[in-house]
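Asker: Below is the file data_38.cif, with mmCIF, C-alpha atoms.
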data_protein
#
loop_
_atom_site.label_atom_id
_atom_site.label_comp_id
_atom_site.auth_asym_id
_atom_site.auth_seq_id
_atom_site.Cartn_x
_atom_site.Cartn_y
_atom_site.Cartn_z
CA MET A 1 65.53 198.05 45.56
CA THR A 2 67.39 198.69 42.33
CA SER A 3 65.14 199.06 39.31
CA ALA A 4 65.30 196.88 36.22
CA THR A 5 66.14 200.04 34.25
CA ALA A 6 69.15 200.82 36.47
CA ILE A 7 70.39 197.23 36.16
CA ALA A 8 69.99 197.28 32.37
CA ASP A 9 71.83 200.63 32.26
CA SER A 10 74.77 199.33 34.34
CA TYR A 11 74.97 196.19 32.20
CA ALA A 12 74.89 198.22 28.96
CA ARG A 13 77.53 200.63 30.29
CA LEU A 14 79.79 197.71 31.21
CA LEU A 15 79.43 196.12 27.76
CA GLY A 16 80.08 199.52 26.16
CA LEU A 17 83.20 200.04 28.27
CA LEU A 18 84.53 196.59 27.33
CA ALA A 19 83.74 196.95 23.61
CA ASP A 20 84.94 200.56 23.28
CA GLY A 21 88.13 199.75 25.18
CA GLY A 22 88.96 196.74 23.04
CA ALA A 23 88.93 194.49 26.10
CA ASP A 24 89.73 190.81 25.89
CA TYR A 25 86.64 189.26 27.53
CA ARG A 26 83.95 186.58 27.34
CA LEU A 27 80.36 186.57 28.57
CA LEU A 28 78.72 183.56 30.21
CA ARG A 29 74.99 183.21 30.88
CA HIS A 30 74.10 180.97 33.82
CA ALA A 31 71.52 180.34 36.52
CA PRO A 32 71.11 183.43 38.72
CA GLU A 33 73.68 183.40 41.53
CA GLY A 34 75.13 186.17 43.66
CA ARG A 35 77.25 184.22 46.14
CA THR A 36 80.87 184.24 45.01
CA GLU A 37 81.64 180.64 45.95
CA ARG A 38 78.62 179.24 44.12
CA ALA A 39 79.01 181.53 41.11
CA SER A 40 82.64 180.41 40.77
CA LEU A 41 81.57 176.76 40.80
CA ILE A 42 78.91 177.41 38.16
CA ARG A 43 81.35 179.33 35.97
CA GLY A 44 84.06 176.68 36.39
CA HIS A 45 87.03 178.74 37.58
CA ARG A 46 89.13 178.93 40.73
CA LEU A 47 87.69 180.95 43.59
CA GLU A 48 90.82 183.13 43.69
CA GLN A 49 89.96 184.45 40.19
CA ALA A 50 86.56 185.75 41.29
CA ALA A 51 86.34 189.50 41.89
CA LYS A 52 84.26 189.80 45.07
CA CYS A 53 82.95 193.37 45.14
CA LEU A 54 81.52 195.16 48.16
CA VAL A 55 80.61 198.80 48.66
CA ILE A 56 82.32 200.24 51.72
CA ARG A 57 81.41 203.44 53.55
CA VAL A 58 84.48 205.25 54.87
CA ALA A 59 83.88 207.90 57.52
CA LEU A 60 86.34 210.75 57.05
CA GLY A 61 85.18 212.91 59.93
CA ARG A 62 82.05 213.82 61.80
CA LYS A 63 79.87 214.49 58.77
CA GLN A 64 82.11 213.50 55.90
CA ARG A 65 82.11 210.13 54.20
CA ARG A 66 82.95 208.51 50.91
CA TYR A 67 82.03 205.23 49.32
CA VAL A 68 84.42 202.85 47.58
CA ILE A 69 83.98 199.57 45.76
CA ALA A 70 86.37 197.17 47.49
CA VAL A 71 87.43 194.25 45.28
CA VAL A 72 89.09 191.17 46.74
CA PRO A 73 89.72 187.62 45.49
CA GLY A 74 86.72 185.34 45.99
CA HIS A 75 88.28 183.38 48.85
CA CYS A 76 88.98 186.54 50.87
CA ARG A 77 87.05 188.88 53.09
CA VAL A 78 87.38 192.66 52.91
CA ASP A 79 89.60 193.95 55.71
CA LEU A 80 87.63 197.01 56.81
CA GLU A 81 90.53 198.32 58.89
CA ALA A 82 92.79 198.22 55.82
CA VAL A 83 90.20 200.13 53.76
CA ARG A 84 89.82 202.70 56.55
CA ALA A 85 93.60 203.18 56.70
CA GLU A 86 93.94 203.35 52.89
CA TYR A 87 91.53 206.30 52.77
CA GLY A 88 92.63 207.96 56.01
CA GLY A 89 89.21 207.52 57.56
CA THR A 90 88.05 207.26 61.12
CA ASN A 91 85.85 204.22 60.46
CA ALA A 92 84.89 201.85 57.65
CA SER A 93 81.79 199.70 57.36
CA PHE A 94 79.75 197.91 54.74
CA ALA A 95 77.35 200.26 52.99
CA VAL A 96 73.66 199.73 53.57
CA ARG A 97 72.28 197.49 50.80
CA GLU A 98 70.03 200.20 49.35
CA VAL A 99 72.91 202.69 49.18
CA ALA A 100 75.26 200.13 47.58
CA GLU A 101 72.64 199.25 44.96
CA GLU A 102 71.87 202.91 44.25
CA LEU A 103 75.55 203.83 43.83
CA THR A 104 76.33 200.89 41.54
CA GLY A 105 73.05 200.30 39.70
CA CYS A 106 73.43 196.61 40.57
CA VAL A 107 71.53 194.33 42.91
CA SER A 108 73.46 192.95 45.83
CA GLY A 109 75.50 189.96 44.69
CA SER A 110 76.07 191.36 41.20
CA ILE A 111 78.16 194.44 41.95
CA MET A 112 80.94 194.85 39.38
CA PRO A 113 84.59 195.85 40.00
CA VAL A 114 83.86 199.00 37.99
CA SER A 115 82.38 202.36 38.97
CA PHE A 116 80.35 204.56 36.68
CA ASP A 117 79.91 207.12 39.48
CA PRO A 118 82.90 209.51 39.59
CA SER A 119 82.52 209.89 43.37
CA VAL A 120 82.94 206.14 43.95
CA GLU A 121 86.50 204.87 43.58
CA VAL A 122 87.42 201.22 42.97
CA VAL A 123 90.15 199.75 45.16
CA VAL A 124 91.38 196.24 44.38
CA ASP A 125 93.58 193.87 46.33
CA PRO A 126 96.73 193.09 44.29
CA ALA A 127 96.28 189.34 44.97
CA LEU A 128 93.37 189.34 42.48
CA LEU A 129 95.56 190.96 39.84
CA GLU A 130 98.04 188.07 39.91
CA HIS A 131 95.70 186.05 37.68
CA GLU A 132 95.67 186.31 33.90
CA GLU A 133 91.89 186.50 33.93
CA ILE A 134 89.29 187.59 36.50
CA TRP A 135 85.60 186.71 36.71
CA PHE A 136 82.66 188.73 38.01
CA ASN A 137 78.91 189.12 37.64
CA ALA A 138 78.10 191.58 34.87
CA GLY A 139 75.82 193.77 36.96
CA ARG A 140 73.19 191.02 36.88
CA LEU A 141 72.92 187.69 38.64
CA ASP A 142 72.52 185.60 35.48
CA GLU A 143 75.50 186.74 33.41
CA SER A 144 79.21 186.90 34.16
CA VAL A 145 82.32 188.28 32.54
CA ALA A 146 85.71 186.62 32.19
CA LEU A 147 88.06 189.56 31.65
CA ARG A 148 91.79 189.56 30.96
CA THR A 149 93.41 191.29 33.93
CA SER A 150 95.50 193.55 31.69
CA SER A 151 92.27 194.78 30.04
CA TYR A 152 90.70 195.36 33.45
CA LEU A 153 93.64 197.46 34.62
CA ALA A 154 93.74 199.49 31.40
CA LEU A 155 90.00 200.25 31.40
CA VAL A 156 89.19 200.70 35.09
CA ARG A 157 92.52 201.95 36.48
CA PRO A 158 91.65 200.91 40.03
CA ARG A 159 93.62 201.87 43.10
CA ALA A 160 95.60 198.85 44.29
CA ALA A 161 95.94 198.20 48.03
CA ARG A 162 96.11 195.19 50.33
CA ILE A 163 92.51 195.17 51.54
CA GLY A 164 91.74 191.45 51.59
CA GLU A 165 92.23 188.84 54.25
CA ALA A 166 91.81 185.11 53.77
CA PRO A 167 89.44 183.54 56.30
CA ALA A 168 90.89 180.70 58.34
CA LEU A 169 88.12 178.28 57.34
CA VAL A 170 88.53 178.45 53.54
CA PRO A 171 91.91 177.38 52.13
CA PRO A 172 93.36 180.01 49.75
CA ASP A 173 93.68 177.44 46.94
CA GLY A 174 89.98 176.53 47.10
CA ALA A 175 90.80 172.97 48.24
CA GLY A 176 87.75 171.14 49.45
CA LEU A 177 85.38 172.90 47.08
CA PRO A 178 83.81 170.48 44.59
CA ALA A 179 84.56 171.02 40.92
CA LEU A 180 81.53 171.86 38.82
CA ARG A 181 81.37 172.90 35.20
CA LEU A 182 78.40 174.29 33.34
CA THR A 183 78.06 174.20 29.62
CA VAL A 184 76.10 177.16 28.37
CA THR A 185 74.76 177.55 24.86
#
For this file, produce the structure as structure tokens.

Answerer:
Amino acid sequence: MTSATAIADSYARLLGLLADGGADYRLLRHAPEGRTERASLIRGHRLEQAAKCLVIRVALGRKQRRYVIAVVPGHCRVDLEAVRAEYGGTNASFAVREVAEELTGCVSGSIMPVSFDPSVEVVVDPALLEHEEIWFNAGRLDESVALRTSSYLALVRPRAARIGEAPALVPPDGAGLPALRLTVT
């Protein structure tokens, strides 16, 4: 399990990155939530604007592997085959929870679309970048960031690749999801 110190460090590093980079962003405190659909409802934005972040293990050979943070719009799933192909691997799978938390300093459900580990690259689906603003948990379950996409690209410089696939059961426009707004003081 990720320690409170590691979480606080990741959160502080994110805030430092945003402040030092002159990013256009807002913070929102809310009830703890790590599921993208529910967090989006609480925060009051479209599901497509949510940056769903998952750590993926890409096997590059018999004993070689690398980890990447795959970022897709909230209504999508990560296409593991697309991630495997993007990195020229032989296989791709979701990282074990403990490994993902160790590499990111975030508990599962609060992983950010940012890497502070030089060996872990961020790859983002271009569909997320079509929005003026993206939303994600700030390395903790009870605070989120609304970040201008242009600021995100300038600060993080992620690799862009089509790695998301929309599931058949959830319409891409979020239709059918109830609207919910939360006023936070």

Asker: Counting all atoms listed in the file, which residues of segment 37-109 of chain A sit at most 9 Å from some atom of segment 10-15 of chain A, and what is each one's closest atom pair with its distance in Å to one decimal, listed by chain and rising residue number, as JSON lines?

Answerer:
{"residue": "A:Thr104", "atom": "CA", "partner": "A:Ser10", "partner_atom": "CA", "distance": 7.5}
{"residue": "A:Gly105", "atom": "CA", "partner": "A:Ser10", "partner_atom": "CA", "distance": 5.7}
{"residue": "A:Cys106", "atom": "CA", "partner": "A:Ser10", "partner_atom": "CA", "distance": 6.9}

Asker: I want to know what sits within 10 Å of Glu81 of chain A, based on all atoms listed in the file, with residues of the same chain fewer than 4 positions away left out; could you give that as a list in words?

Answerer: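 Residues meeting the cut-off are Ala85, Glu86, Gly89, Thr90, Asn91, Ala92, Ser93 and Ile163 of chain A.
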
Asker: Here is a test: counting all atoms listed in the file, which residue of A:Leu141, A:Val99, A:Val55, A:Ala127 is nearest to Val83 of chain A?

Answerer: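 Result for the nearest residue to Val83 of chain A: A:Val55.
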
Asker: What do you get, as an MDAnalysis selection string, if you spell out every residue that the PyMOL selection byres ((chain A and resi 145-153) around 6) selects here?

Answerer: chainID A and resid 23:27 132:136 138 144 154:157

Asker: Taking only C-alpha atoms into account, name the residue in A:Arg38, A:His75, A:Arg43, A:Arg84 that is nearest to Leu60 of chain A.

Answerer: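 Among the listed residues, the smallest separation from Leu60 of chain A belongs to A:Arg84.
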
Asker: When the PyMOL selection byres ((chain A and resi 49) around 8) is applied to the structure above, which residues does it catch, written out as a PDB file with C-alpha atoms, in the coordinates of the input?

Answerer:
ATOM      1  CA  HIS A  45      87.030 178.740  37.580  1.00  0.00           C
ATOM      2  CA  ARG A  46      89.130 178.930  40.730  1.00  0.00           C
ATOM      3  CA  LEU A  47      87.690 180.950  43.590  1.00  0.00           C
ATOM      4  CA  GLU A  48      90.820 183.130  43.690  1.00  0.00           C
ATOM      5  CA  ALA A  50      86.560 185.750  41.290  1.00  0.00           C
ATOM      6  CA  ALA A  51      86.340 189.500  41.890  1.00  0.00           C
ATOM      7  CA  PRO A  73      89.720 187.620  45.490  1.00  0.00           C
ATOM      8  CA  GLY A  74      86.720 185.340  45.990  1.00  0.00           C
ATOM      9  CA  LEU A 128      93.370 189.340  42.480  1.00  0.00           C
ATOM     10  CA  HIS A 131      95.700 186.050  37.680  1.00  0.00           C
ATOM     11  CA  GLU A 133      91.890 186.500  33.930  1.00  0.00           C
ATOM     12  CA  ILE A 134      89.290 187.590  36.500  1.00  0.00           C
ATOM     13  CA  TRP A 135      85.600 186.710  36.710  1.00  0.00           C
TER      14      TRP A 135
END

Asker: Have a look at atom CA of Ala70 of chain A and atom CA of Leu54 of chain A and let me know their distance in Å, one decimal.

Answerer: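 A separation of 5.3 Å between them.
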
Asker: Rounded to one decimal, what separation in Å do you get between atom CA of Val68 of chain A and atom CA of Ser119 of chain A?

Answerer: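 A separation of 8.4 Å between them.
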
Asker: Run the PyMOL selection byres ((chain A and resi 113) around 7) on the file and write out the hits as a PyMOL selection string.

Answerer: chain A and resi 51+53+69+71+111-112+114-115+122

Asker: Report, in Å with one decimal, the straight-line distance from atom CA of Leu80 of chain A to atom CA of Pro126 of chain A.

Answerer: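 Computed distance, atom CA of Leu80 of chain A to atom CA of Pro126 of chain A, equals 16.0 Å.
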
Asker: For Arg57 of chain A, which residue among A:Glu121, A:Glu165, A:Glu130, A:Glu33 is the nearest when counting only C-alpha atoms?

Answerer: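 For Arg57 of chain A, the nearest of the given residues is A:Glu121.
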
Asker: Please provide as a PDB file with C-alpha atoms, in the coordinates of the input all residues within 8 Å of Arg77 of chain A, with the sequence filter that same-chain residues fewer than 6 positions apart are discarded (counting all atoms listed in the file).

Answerer:
ATOM      1  CA  GLY A 164      91.740 191.450  51.590  1.00  0.00           C
ATOM      2  CA  GLU A 165      92.230 188.840  54.250  1.00  0.00           C
ATOM      3  CA  ALA A 166      91.810 185.110  53.770  1.00  0.00           C
ATOM      4  CA  PRO A 167      89.440 183.540  56.300  1.00  0.00           C
TER       5      PRO A 167
END

Asker: Taking all atoms of segment 135-140 of chain A that the file lists, what box with edges along x, y and z, padded by 3 Å per side, do you get, with centre and edge lengths in Å to one decimal, as JSON?

Answerer:
{"center_x": 79.4, "center_y": 190.2, "center_z": 36.4, "size_x": 18.4, "size_y": 13.1, "size_z": 9.1}
